[in-house]
Amino acid sequence: MFSRLRGDFPILDVRVGESPLSYLDSGATSQKPQCVIDTFVEYFGQRNAAVHRGAHSLAVEATDAFENGRIAAAGLVGGTPEQVCWTKNATEALNIVALGMDRASHGFGGEEAERFALVPGDSIVVTEMEHHANLVPWQQLAASTGAQLRWLPVTASGELDLTDLDTIVDETTKVLAFTHVSNVLGTINPVDRLVEQARAVGAYVVLDACQSVPHMPVDFVDLDVDFAAFSAHKALGPTGLGALWGKSELLDALPPVLTGGSMITTVTMEETEFMPAPQRFEAGTQPVAEVAAFATAIGYLAEVGLDNVFEHEKELARVLLDGIADIPGIRVLGDAADRIGTVAFDVDGVHAHDVGQYLDSQGIAVRVGHHCAQPLHRRFGVTASTRASTYLYNNVEDCTRFLTALAEVRPFFGVAGEGE
Amino acid sequence: MFSRLRGDFPILDVRVGESPLSYLDSGATSQKPQCVIDTFVEYFGQRNAAVHRGAHSLAVEATDAFENGRIAAAGLVGGTPEQVCWTKNATEALNIVALGMDRASHGFGGEEAERFALVPGDSIVVTEMEHHANLVPWQQLAASTGAQLRWLPVTASGELDLTDLDTIVDETTKVLAFTHVSNVLGTINPVDRLVEQARAVGAYVVLDACQSVPHMPVDFVDLDVDFAAFSAHKALGPTGLGALWGKSELLDALPPVLTGGSMITTVTMEETEFMPAPQRFEAGTQPVAEVAAFATAIGYLAEVGLDNVFEHEKELARVLLDGIADIPGIRVLGDAADRIGTVAFDVDGVHAHDVGQYLDSQGIAVRVGHHCAQPLHRRFGVTASTRASTYLYNNVEDCTRFLTALAEVRPFFGVAGEGE
Amino acid sequence: MSTQMQQLYQQVILDQSRARTGNEALQRDAATGPHGYSHQVNPTCGDEIELETELLDDGHIAVRWSGDGCSISMASASVLSELAADATAEQMLEIESAFHELMHSRGTMEADEGILGDAAAFSGVSKFPARIKCALLSWMAFKDALNQAQAAREEKHHA
Amino acid sequence: MSTQMQQLYQQVILDQSRARTGNEALQRDAATGPHGYSHQVNPTCGDEIELETELLDDGHIAVRWSGDGCSISMASASVLSELAADATAEQMLEIESAFHELMHSRGTMEADEGILGDAAAFSGVSKFPARIKCALLSWMAFKDALNQAQAAREEKHHA
Ligand SMILES: Cc1ncc(COP(=O)(O)O)c(C=O)c1O
Ligand SMILES: Cc1ncc(COP(=O)(O)O)c(C=O)c1O
């Protein structure tokens with residue numbers, strides 16, 4: 001199956017200079033199958049219109065496409081369609097929660113929203129392996145409310161250090177926000193253990209599911225989180241679309257951040273009443289074509305099966321890790337047993353930017369830099385790393401081509417030591 | 001020229017039941033020429049990657065596509081590319097300004113941002129003809145800071161009533177936010193006069209340019225506004241994309257609202273420094289394919305010429321207004337001389353929803369409801385209206401088909417009076 | 001004229017949208033029997049309805065409403081009021097549930113005239129997703145208001 | 001190996017990235033001559049440089065820097081420091097401007113070795129948009145720091 005589906009992705013036929021393309025940067029953004037691209041052609045060519053507001057036939061069709069996307073997304077991550085609020089990306093989704101709590105802390109949202117208010121003495125807990133998208137908004141919330149920002153440290157093996165979990169997540173904790181899977185290390189975090197501690201102290205759980213939803217079966221209801229965020233573009237879907245998932249009771253109580261059209265019931269010059277979720281968080285014209293295209297992507301993923309995707313990528317991770325172990329002078333960041341096909345590493349004597357450049361000259365696309373996780377890199381004593389990340393369209397040949405090129409890097413830059 | 005370019009829009013060939021489509025709902029969202037659709041196919045098929053962060057070739061090409069979009073947008077509305085910040089829609093753009101001021105009022109953004117801080121005693125001025133997107137965020141800002149919300153009323157002819165301009169926009173006024181063109185009435189507002197008064201009292205000017213940028217030549221530098229917002233989807237571009245334009249000095253000082261990756265310089269666990277505009281306002285993965293497609297749309301508009309578009313639509317407006325005047329029982333909302341091809345009206349005895357349904361049965365797509373402008377409708381004593389709005393692909397035949405069907409509406413619902 | 005339009009705007013609907021049975025001044029707390037009130041808005045088009053129910057001694061329900069909306073929503077409120085005049089609370093809830101199901105059938109269901117009476121005329125609406133809310137608006141208000149009226153009666157009993 | 005890669009990573013660059021001329025402890029306010037300091041960060045990759053300039057009595061400029069970054073950025077700082085040892089402030093600004101132009105030429109310009117010296121070796125970088133910032137980082141810091149040093153000297157004169 002996995003060898004056949006490569007043909008569905010037109011970009012894999014692109015050549016980089018004289019080399020074929022091995023795209024190992026799906027952790028940043030995924031490539032799109034033809035059917036997802038076709039949805040844009042079909043939507044804009046056949047049924048484009050503004051949704052929710054029209055009696056005319058195109059508007060009805062566009063609304064159907066939009067709402068069917070919500071149904072598809074609920075099928076992907078669990079819960080009901082009303083629990084899925086569309087955003088521009090996962091970053092906006094995480095901000096909606098943090099900024100909604102900020103507004104609740106400043107008296108917005110009435111009695112309903114008081115449960116989200118933070119005061120000095122409260123704490124917010126994140127982890128040292130967060131993407132900036134799940135760190136900076138919480139820093140801002142702490143600054144705005146006087147709450148304290150705390151974090152769970154990361155071990156040398158790239159796992160969350162839970163030694164002091166009970167004292168870090170304590171009775172003062174109102175929010176525990178963490179990533180399901182590290183976008184740098186590939187580590188899968190123990191959601192159950194963290195949710196259990198959050199429940200014990202009555203904290204809300206916010207899950208950054210950007211790197212899990214595309215790569216493994218995920219059900220937010222089973223995981224029992226309160227809010228979760230993910231992006232369409234990392235899961236075969238288009239750019240310009242992400243989602244906030246939440247428990248309905250909480251979504252309906254959280255004050256909206258972006259306000260305007262299509263999220264209100266009554267507006268006078270003086271005041272406004274807001275609709276319940278999901279519309280509450282969907283002010284203005286929505287990414288309708290993008291939702292339609294994402295629905296197609298979800299259908300594609302369902303056909304392949306996310307359990308199969310998970311297994312496939314685990315095999316590729318093995319190939320990558322075993323191969324890298326044979327190349328002198330490469331240090332992989334983290335070695336958690338529970339992981340997806342994402343591997344970040346440091347090449348002794350060669351800066352990540354130069355590593356990436358060399359690999360690119362062989363048609364191998366990897367990511368270099370801090371991957372929006374500066375604190376995590378600091379934890380590992382580097383400012384930047386090189387990251388290879390797989391997806392369902394990658395194969396062993398991509399990995400082998402990557403490993404062959406990687407072995408040439410240090411010799412090329414003249415830093416291969418004696419006897420290497 | 002205008003008759004030829006219809007062929008560029010595949011959706012215009014769609015049939016509604018047995019009728020051809022006359023799409024008169026471009027005020028809500030515009031249709032897309034084939035070249036814009038093709039850009040999606042080309043981008044996702046040939047050069048999709050995450051921008052700004054990669055050394056690999058696809059990432060470089062994607063970054064080029066993304067940044068060229070900014071150059072194109074600056075070409076469309078004036079100023080430099082750095083003055084264009086991408087958003088999900090115009091609503092987000094307006095919220096960024098209002099919420100940025102909210103954050104400045106709560107001590108964020110340091111000394112730089114103090115200029116944006118509002119206190120009780122300050123005032124914010126909007127107008128009675130605003131779209132909810134340019135009203136609700138300002139209500140929220142007033143509620144959050146204790147500033148007073150004031151508004152310029154609308155005359156019976158659907159124009160801004162400037163009689164008391166000097167007392168409404170006075171020394172207390174920190175922000176004057178208004179729409180360039182009414183999305184209901186089609187009225188073009190006198191930007192010069194309003195900017196002049198704002199300058200006289202030292203207020204910032206925020207222009208909602210959603211309905212002007214697609215339909216006429218607009219230059220924000222010439223208009224001398226401080227901030228402006230518009231949407232790609234109303235200007236032949238894709239869904240999921242809008243823009244905030246601003247004076248660089250102000251953009252760089254305004255505290256960002258959405259925070260996360262790609263908008264920071266340095267992040268530690270404790271604190272974060274933000275980049276200048278435009279990145280400052282572009283947290284997380286951006287709508288890259290959408291920007292590429294919008295660049296294509298802008299090129300298309302430039303080829304046609306926005307002055308030609310403006311003239312073409314004014315002619316269609318004439319046909320619509322003259323035709324409606326001949327149909328008994330129809331009251332057009334507003335009759336400003338300075339207008340675009342947008343006409344809203346009330347049908348005596350028939351609710352807008354029913355009017356729209358009847359027109360749809362003849363293949364004519366119009367919008368019904370309050371068009372996200374409840375206060376304006378209240379001003380005209382109705383809760384809903386029917387709106388026909390034109391764009392460059394409409395022709396006189398669309399107008400005639402619309403007029404013929406409209407004349408049948410009251411007879412169909414049995415409300416045509418004696419002798420009509 | 002398309003047949004879909006004729007199915008949508010059946011004569012019953014056009015007539016009832018003008019008749020507006022039950023469209024009269026609300027009594028609110030001046031009502032003597034156990035009563036309930038509901039205000040429903042359709043945010044997409046601005047249609048709204050205020051509706052009150054009063055439980056009468058003879059087991060019937062008085063319905064009074066005032067509203068602003070399209071012919072579908074006005075006709076629906078009118079038909080509802082007519083039906084209420086001849087039905088018990090249980091029967092009305094049965095009609096409500098049948099009507100709800102019919103509206104969400106996307107044109108795949110036969111309307112059961114035995115249960116629905118004149119409300120069967122709305123079966124064409126189910127093919128127009130954007131109009132379903134119009135037809136249901138008064139019924140949502142009714143269900144809400146009836147709930148309150150019944151709760152008020154319970155309270156009286158226990159008082 | 002593609003020729004583009006060979007053009008990018010010329011031997012001069014690989015050598016200079018290891019040589020790191022000028023990479024030494026900053027003196028900051030312990031410096032005796034008029035001096036300036038700049039800290040530049042490339043947010044996309046985390047590369048950074050701290051660089052200081054000190055105006056010497058013989059008309060030359062001492063450059064000291066410390067940084068962390070890719071071979072292009074380190075080599076660029078190193079070449080800059082070497083060039084500074086033999087040039088006046090005016091000459092350095094001329095080089096800076098020629099270098100800036102070369103970097104933004106997208107491979108369409110011949111590097112003028114007469115002006116640029118070893119910095120001409122970076123001409124291949126201009127074909128790699130993502131790397132231009134790497135090559136310019138130290139030069140941005142230099143220009144900023146030199147400005148400050150010159151301002152400091154002005155002040156001294158007038159004091
Ligand atoms: C005048 C005006 N302002 C604001 C908006 C909101 O734009 P968007 O829905 O793209 O955010 C619109 C369109 O809906 C509009 O017509
Ligand atoms: C773990 C994680 N969180 C958050 C994000 C942000 O997602 P987006 O850029 O789509 O907003 C990403 C991806 O960049 C990620 O990998």
# chains A, B, ... in the order shown; residues from 1 in each chain; ligands from 1

$ residues_around --residues "D:Val125" --least-positions-apart "3" --cutoff "6 Å" --atoms "only C-alpha atoms" --output "MDAnalysis selection string"
chainID D and resid 8 122 128

$ write_last_selection --atoms "N, CA, C and O atoms" --output "PDB file, in the first residue's frame"
ATOM      1  N   LEU D   8      29.253  27.642  -3.684  1.00  0.00           N
ATOM      2  CA  LEU D   8      28.825  28.154  -2.381  1.00  0.00           C
ATOM      3  C   LEU D   8      29.934  27.982  -1.354  1.00  0.00           C
ATOM      4  O   LEU D   8      30.335  28.926  -0.683  1.00  0.00           O
ATOM      5  N   PHE D 122      32.312  34.866  -1.531  1.00  0.00           N
ATOM      6  CA  PHE D 122      30.919  34.627  -1.131  1.00  0.00           C
ATOM      7  C   PHE D 122      29.925  34.817  -2.269  1.00  0.00           C
ATOM      8  O   PHE D 122      28.715  34.743  -2.054  1.00  0.00           O
ATOM      9  N   PHE D 128      21.600  31.505  -3.143  1.00  0.00           N
ATOM     10  CA  PHE D 128      20.877  30.756  -2.106  1.00  0.00           C
ATOM     11  C   PHE D 128      20.199  31.743  -1.166  1.00  0.00           C
ATOM     12  O   PHE D 128      20.759  32.119  -0.132  1.00  0.00           O
TER      13      PHE D 128
END

$ residues_near_ligand --ligand "ligand 2" --cutoff "7 Å" --atoms "only C-alpha atoms and all ligand atoms" --output "number ranges by chain"
A: 27-28, 89-92, 130-131, 133-134, 179, 181-183, 208-211, 230-231, 233, 242; B: 261, 284-285

$ write_last_selection --atoms "N, CA and C atoms" --output "compact mmCIF listing (two decimals), in the first residue's frame"
# COMPACT_ATOMS: atom_id res chain seq x y z
N GLY A 27 7.43 17.14 9.26
CA GLY A 27 7.19 17.72 10.58
C GLY A 27 6.86 19.20 10.47
N ALA A 28 7.39 19.86 9.45
CA ALA A 28 7.09 21.28 9.22
C ALA A 28 5.76 21.42 8.50
N ASN A 89 -4.58 28.23 11.97
CA ASN A 89 -3.53 27.25 12.21
C ASN A 89 -3.62 26.82 13.67
N ALA A 90 -2.78 25.89 14.06
CA ALA A 90 -2.82 25.41 15.44
C ALA A 90 -2.43 26.52 16.40
N THR A 91 -1.56 27.40 15.95
CA THR A 91 -1.12 28.51 16.80
C THR A 91 -2.32 29.36 17.22
N GLU A 92 -3.19 29.68 16.27
CA GLU A 92 -4.38 30.45 16.65
C GLU A 92 -5.22 29.67 17.65
N GLU A 130 8.17 22.31 24.64
CA GLU A 130 7.08 22.89 23.83
C GLU A 130 7.59 23.65 22.61
N HIS A 131 6.80 23.54 21.57
CA HIS A 131 6.91 24.44 20.42
C HIS A 131 6.55 25.84 20.93
N ALA A 133 4.61 27.88 19.97
CA ALA A 133 3.16 28.11 19.89
C ALA A 133 2.45 27.69 21.16
N ASN A 134 3.03 26.76 21.89
CA ASN A 134 2.41 26.30 23.13
C ASN A 134 3.22 26.76 24.35
N THR A 179 2.64 19.20 24.83
CA THR A 179 2.54 18.62 23.50
C THR A 179 2.39 17.11 23.58
N VAL A 181 3.22 15.03 21.12
CA VAL A 181 4.44 14.48 20.54
C VAL A 181 5.39 15.65 20.28
N SER A 182 6.65 15.50 20.66
CA SER A 182 7.62 16.57 20.43
C SER A 182 7.92 16.71 18.94
N ASN A 183 7.88 17.95 18.46
CA ASN A 183 8.16 18.17 17.04
C ASN A 183 9.65 18.09 16.74
N ASP A 208 -1.37 20.05 22.78
CA ASP A 208 -0.89 20.42 21.46
C ASP A 208 -0.74 19.12 20.67
N ALA A 209 -1.68 18.89 19.76
CA ALA A 209 -1.72 17.61 19.05
C ALA A 209 -1.22 17.73 17.62
N CYS A 210 -0.45 18.78 17.35
CA CYS A 210 0.05 19.04 15.99
C CYS A 210 0.82 17.86 15.41
N GLN A 211 1.63 17.22 16.26
CA GLN A 211 2.49 16.16 15.75
C GLN A 211 1.93 14.77 16.02
N PHE A 230 -4.68 21.34 16.54
CA PHE A 230 -3.88 20.72 15.48
C PHE A 230 -4.05 21.51 14.19
N SER A 231 -3.19 21.18 13.22
CA SER A 231 -3.15 21.93 11.95
C SER A 231 -3.48 21.02 10.79
N HIS A 233 -2.44 21.52 7.67
CA HIS A 233 -1.35 21.43 6.69
C HIS A 233 -0.33 20.35 7.03
N GLY A 242 -6.43 25.35 10.69
CA GLY A 242 -6.13 24.56 11.88
C GLY A 242 -7.43 24.36 12.63
N GLY B 261 5.30 30.60 17.03
CA GLY B 261 6.48 30.45 16.20
C GLY B 261 6.55 31.49 15.10
N GLY B 284 2.86 31.32 13.59
CA GLY B 284 2.50 30.00 13.10
C GLY B 284 2.57 29.91 11.58
N THR B 285 2.23 28.74 11.09
CA THR B 285 2.29 28.48 9.66
C THR B 285 1.26 29.35 8.94

$ interface_residues --of "chain D" --to "chain A" --cutoff "8 Å" --atoms "only C-alpha atoms" --output "list in words"
Met1, Ser2, Met5, Leu14, Thr44, Cys45, Gly46, Asp47, Gly69, Cys70 and Ser71 of chain D

$ closest_residue --among "A:Leu135, A:Met1, A:Val213, A:Leu250" --to "chain B" --atoms "only C-alpha atoms"
A:Leu135

$ residues_around --residues "A:Arg401" --least-positions-apart "4" --cutoff "10 Å" --atoms "only C-alpha atoms" --output "list in words"
Pro20, Leu21, Ser22, Leu359, Gln362, Gly363, Ile364, Val396, Glu397, Ala405 and Leu406 of chain A

$ write_last_selection --atoms "all heavy atoms" --output "PDB file, in the first residue's frame"
ATOM      1  N   PRO A  20      16.564  13.373  -7.600  1.00  0.00           N
ATOM      2  CA  PRO A  20      15.163  13.197  -7.210  1.00  0.00           C
ATOM      3  C   PRO A  20      14.955  13.791  -5.819  1.00  0.00           C
ATOM      4  O   PRO A  20      15.911  14.023  -5.087  1.00  0.00           O
ATOM      5  CB  PRO A  20      14.977  11.676  -7.188  1.00  0.00           C
ATOM      6  CG  PRO A  20      16.332  11.097  -7.056  1.00  0.00           C
ATOM      7  CD  PRO A  20      17.298  12.100  -7.632  1.00  0.00           C
ATOM      8  N   LEU A  21      13.698  14.043  -5.469  1.00  0.00           N
ATOM      9  CA  LEU A  21      13.376  14.645  -4.174  1.00  0.00           C
ATOM     10  C   LEU A  21      13.091  13.574  -3.125  1.00  0.00           C
ATOM     11  O   LEU A  21      12.303  12.669  -3.364  1.00  0.00           O
ATOM     12  CB  LEU A  21      12.140  15.538  -4.328  1.00  0.00           C
ATOM     13  CG  LEU A  21      11.499  16.081  -3.044  1.00  0.00           C
ATOM     14  CD1 LEU A  21      12.419  17.070  -2.341  1.00  0.00           C
ATOM     15  CD2 LEU A  21      10.151  16.741  -3.345  1.00  0.00           C
ATOM     16  N   SER A  22      13.786  13.670  -1.994  1.00  0.00           N
ATOM     17  CA  SER A  22      13.372  12.889  -0.825  1.00  0.00           C
ATOM     18  C   SER A  22      12.909  13.897   0.210  1.00  0.00           C
ATOM     19  O   SER A  22      13.728  14.600   0.815  1.00  0.00           O
ATOM     20  CB  SER A  22      14.543  12.053  -0.279  1.00  0.00           C
ATOM     21  OG  SER A  22      14.732  10.918  -1.078  1.00  0.00           O
ATOM     22  N   LEU A 359      22.652  18.343   2.265  1.00  0.00           N
ATOM     23  CA  LEU A 359      21.608  17.350   1.967  1.00  0.00           C
ATOM     24  C   LEU A 359      20.716  17.837   0.820  1.00  0.00           C
ATOM     25  O   LEU A 359      20.349  17.062  -0.067  1.00  0.00           O
ATOM     26  CB  LEU A 359      20.771  17.063   3.220  1.00  0.00           C
ATOM     27  CG  LEU A 359      21.533  16.412   4.390  1.00  0.00           C
ATOM     28  CD1 LEU A 359      20.598  16.208   5.588  1.00  0.00           C
ATOM     29  CD2 LEU A 359      22.147  15.072   3.979  1.00  0.00           C
ATOM     30  N   GLN A 362      21.710  17.119  -2.587  1.00  0.00           N
ATOM     31  CA  GLN A 362      21.444  15.747  -3.027  1.00  0.00           C
ATOM     32  C   GLN A 362      19.931  15.494  -3.144  1.00  0.00           C
ATOM     33  O   GLN A 362      19.505  14.345  -3.235  1.00  0.00           O
ATOM     34  CB  GLN A 362      22.039  14.754  -2.016  1.00  0.00           C
ATOM     35  CG  GLN A 362      23.471  15.032  -1.620  1.00  0.00           C
ATOM     36  CD  GLN A 362      24.435  14.793  -2.767  1.00  0.00           C
ATOM     37  OE1 GLN A 362      24.402  13.734  -3.374  1.00  0.00           O
ATOM     38  NE2 GLN A 362      25.259  15.775  -3.094  1.00  0.00           N
ATOM     39  N   GLY A 363      19.145  16.566  -3.070  1.00  0.00           N
ATOM     40  CA  GLY A 363      17.697  16.404  -3.230  1.00  0.00           C
ATOM     41  C   GLY A 363      16.977  15.996  -1.965  1.00  0.00           C
ATOM     42  O   GLY A 363      15.797  15.647  -2.002  1.00  0.00           O
ATOM     43  N   ILE A 364      17.681  16.075  -0.830  1.00  0.00           N
ATOM     44  CA  ILE A 364      17.060  15.628   0.420  1.00  0.00           C
ATOM     45  C   ILE A 364      16.635  16.841   1.235  1.00  0.00           C
ATOM     46  O   ILE A 364      17.465  17.647   1.645  1.00  0.00           O
ATOM     47  CB  ILE A 364      18.038  14.738   1.210  1.00  0.00           C
ATOM     48  CG1 ILE A 364      18.277  13.472   0.383  1.00  0.00           C
ATOM     49  CG2 ILE A 364      17.478  14.401   2.577  1.00  0.00           C
ATOM     50  CD1 ILE A 364      19.638  12.910   0.533  1.00  0.00           C
ATOM     51  N   VAL A 396      11.815   3.465   2.404  1.00  0.00           N
ATOM     52  CA  VAL A 396      13.164   3.134   2.880  1.00  0.00           C
ATOM     53  C   VAL A 396      14.212   3.793   1.986  1.00  0.00           C
ATOM     54  O   VAL A 396      15.271   4.225   2.459  1.00  0.00           O
ATOM     55  CB  VAL A 396      13.360   1.605   2.936  1.00  0.00           C
ATOM     56  CG1 VAL A 396      14.803   1.247   3.252  1.00  0.00           C
ATOM     57  CG2 VAL A 396      12.426   1.003   3.992  1.00  0.00           C
ATOM     58  N   GLU A 397      13.893   3.923   0.704  1.00  0.00           N
ATOM     59  CA  GLU A 397      14.866   4.543  -0.201  1.00  0.00           C
ATOM     60  C   GLU A 397      15.129   6.003   0.210  1.00  0.00           C
ATOM     61  O   GLU A 397      16.272   6.450   0.150  1.00  0.00           O
ATOM     62  CB  GLU A 397      14.322   4.498  -1.634  1.00  0.00           C
ATOM     63  CG  GLU A 397      15.409   4.727  -2.671  1.00  0.00           C
ATOM     64  CD  GLU A 397      14.816   4.891  -4.062  1.00  0.00           C
ATOM     65  OE1 GLU A 397      13.777   4.243  -4.337  1.00  0.00           O
ATOM     66  OE2 GLU A 397      15.373   5.679  -4.848  1.00  0.00           O
ATOM     67  N   ALA A 405      23.928  10.474   2.089  1.00  0.00           N
ATOM     68  CA  ALA A 405      24.351  11.871   1.996  1.00  0.00           C
ATOM     69  C   ALA A 405      24.874  12.368   3.345  1.00  0.00           C
ATOM     70  O   ALA A 405      25.883  13.080   3.413  1.00  0.00           O
ATOM     71  CB  ALA A 405      23.185  12.743   1.528  1.00  0.00           C
ATOM     72  N   LEU A 406      24.197  11.965   4.410  1.00  0.00           N
ATOM     73  CA  LEU A 406      24.606  12.426   5.735  1.00  0.00           C
ATOM     74  C   LEU A 406      26.028  11.959   6.051  1.00  0.00           C
ATOM     75  O   LEU A 406      26.827  12.695   6.650  1.00  0.00           O
ATOM     76  CB  LEU A 406      23.627  11.907   6.796  1.00  0.00           C
ATOM     77  CG  LEU A 406      23.892  12.340   8.243  1.00  0.00           C
ATOM     78  CD1 LEU A 406      23.886  13.862   8.372  1.00  0.00           C
ATOM     79  CD2 LEU A 406      22.864  11.717   9.184  1.00  0.00           C
TER      80      LEU A 406
END

$ residues_around --residues "D:Asp144" --least-positions-apart "5" --cutoff "12 Å" --atoms "only C-alpha atoms" --output "list in words"
His35, Gly36, Tyr37, Ser38, His39, Gln40, Glu50, Leu51, Glu52, Thr53, Leu93, Glu96, Leu137, Ser138, Trp139, Ala149, Gln150 and Ala151 of chain D

$ write_last_selection --atoms "N, CA and C atoms" --output "PDB file, in the first residue's frame"
ATOM      1  N   HIS D  35      34.790  53.072  20.719  1.00  0.00           N
ATOM      2  CA  HIS D  35      34.361  51.728  20.320  1.00  0.00           C
ATOM      3  C   HIS D  35      32.839  51.617  20.267  1.00  0.00           C
ATOM      4  N   GLY D  36      32.404  50.538  19.603  1.00  0.00           N
ATOM      5  CA  GLY D  36      30.969  50.279  19.474  1.00  0.00           C
ATOM      6  C   GLY D  36      30.713  48.786  19.534  1.00  0.00           C
ATOM      7  N   TYR D  37      29.479  48.418  19.819  1.00  0.00           N
ATOM      8  CA  TYR D  37      29.136  47.007  20.028  1.00  0.00           C
ATOM      9  C   TYR D  37      27.779  46.705  19.392  1.00  0.00           C
ATOM     10  N   SER D  38      27.655  45.531  18.812  1.00  0.00           N
ATOM     11  CA  SER D  38      26.360  45.151  18.236  1.00  0.00           C
ATOM     12  C   SER D  38      26.097  43.655  18.417  1.00  0.00           C
ATOM     13  N   HIS D  39      24.856  43.329  18.639  1.00  0.00           N
ATOM     14  CA  HIS D  39      24.437  41.931  18.798  1.00  0.00           C
ATOM     15  C   HIS D  39      23.369  41.645  17.740  1.00  0.00           C
ATOM     16  N   GLN D  40      23.633  40.724  16.855  1.00  0.00           N
ATOM     17  CA  GLN D  40      22.686  40.417  15.786  1.00  0.00           C
ATOM     18  C   GLN D  40      22.259  38.953  15.847  1.00  0.00           C
ATOM     19  N   GLU D  50      28.057  38.571  18.391  1.00  0.00           N
ATOM     20  CA  GLU D  50      28.341  39.807  19.120  1.00  0.00           C
ATOM     21  C   GLU D  50      29.630  40.337  18.529  1.00  0.00           C
ATOM     22  N   LEU D  51      29.647  41.576  18.164  1.00  0.00           N
ATOM     23  CA  LEU D  51      30.831  42.110  17.483  1.00  0.00           C
ATOM     24  C   LEU D  51      31.126  43.507  18.011  1.00  0.00           C
ATOM     25  N   GLU D  52      32.440  43.784  18.220  1.00  0.00           N
ATOM     26  CA  GLU D  52      32.777  45.147  18.614  1.00  0.00           C
ATOM     27  C   GLU D  52      33.854  45.720  17.716  1.00  0.00           C
ATOM     28  N   THR D  53      33.797  47.013  17.544  1.00  0.00           N
ATOM     29  CA  THR D  53      34.804  47.713  16.734  1.00  0.00           C
ATOM     30  C   THR D  53      35.478  48.740  17.639  1.00  0.00           C
ATOM     31  N   LEU D  93      33.479  50.680   4.658  1.00  0.00           N
ATOM     32  CA  LEU D  93      32.082  50.962   4.311  1.00  0.00           C
ATOM     33  C   LEU D  93      31.840  50.735   2.818  1.00  0.00           C
ATOM     34  N   GLU D  96      31.594  47.083   2.474  1.00  0.00           N
ATOM     35  CA  GLU D  96      30.287  46.646   3.014  1.00  0.00           C
ATOM     36  C   GLU D  96      29.193  46.844   1.975  1.00  0.00           C
ATOM     37  N   LEU D 137      25.193  38.726   8.303  1.00  0.00           N
ATOM     38  CA  LEU D 137      24.982  38.941   9.741  1.00  0.00           C
ATOM     39  C   LEU D 137      26.132  39.741  10.378  1.00  0.00           C
ATOM     40  N   SER D 138      27.359  39.326  10.124  1.00  0.00           N
ATOM     41  CA  SER D 138      28.491  40.016  10.755  1.00  0.00           C
ATOM     42  C   SER D 138      28.649  41.427  10.188  1.00  0.00           C
ATOM     43  N   TRP D 139      28.319  41.579   8.934  1.00  0.00           N
ATOM     44  CA  TRP D 139      28.439  42.904   8.316  1.00  0.00           C
ATOM     45  C   TRP D 139      27.416  43.881   8.883  1.00  0.00           C
ATOM     46  N   ALA D 149      31.008  53.556  17.194  1.00  0.00           N
ATOM     47  CA  ALA D 149      32.404  53.948  17.488  1.00  0.00           C
ATOM     48  C   ALA D 149      32.670  55.343  16.946  1.00  0.00           C
ATOM     49  N   GLN D 150      32.165  55.580  15.740  1.00  0.00           N
ATOM     50  CA  GLN D 150      32.398  56.898  15.134  1.00  0.00           C
ATOM     51  C   GLN D 150      31.658  57.985  15.918  1.00  0.00           C
ATOM     52  N   ALA D 151      30.495  57.662  16.367  1.00  0.00           N
ATOM     53  CA  ALA D 151      29.741  58.622  17.187  1.00  0.00           C
ATOM     54  C   ALA D 151      30.504  58.909  18.481  1.00  0.00           C
TER      55      ALA D 151
END

$ select_by_dssp --residues "stretch 93-216 of chain B" --states "alpha helix (DSSP H)" --output "PyMOL selection string"
chain B and resi 93-105+136-145+165-168+191-201

$ atom_distance --atom1 "atom CA of A:Ala49" --atom2 "atom CA of B:Gln31"
7.7 Å

$ residues_around --residues "D:Glu54" --least-positions-apart "2" --cutoff "6 Å" --atoms "only C-alpha atoms" --output "VMD selection string"
chain D and resid 33 to 35 61 to 62

$ write_last_selection --atoms "C-alpha atoms" --output "PDB file, in the first residue's frame"
ATOM      1  CA  GLY D  33      39.846  53.771  21.737  1.00  0.00           C
ATOM      2  CA  PRO D  34      36.361  54.923  20.660  1.00  0.00           C
ATOM      3  CA  HIS D  35      34.361  51.728  20.320  1.00  0.00           C
ATOM      4  CA  ILE D  61      39.675  49.420  12.985  1.00  0.00           C
ATOM      5  CA  ALA D  62      40.082  46.559  15.401  1.00  0.00           C
TER       6      ALA D  62
END

$ select_by_dssp --residues "chain C" --states "strand (DSSP E or B)" --output "VMD selection string"
chain C and resid 23 35 to 42 47 to 55 60 to 68 88
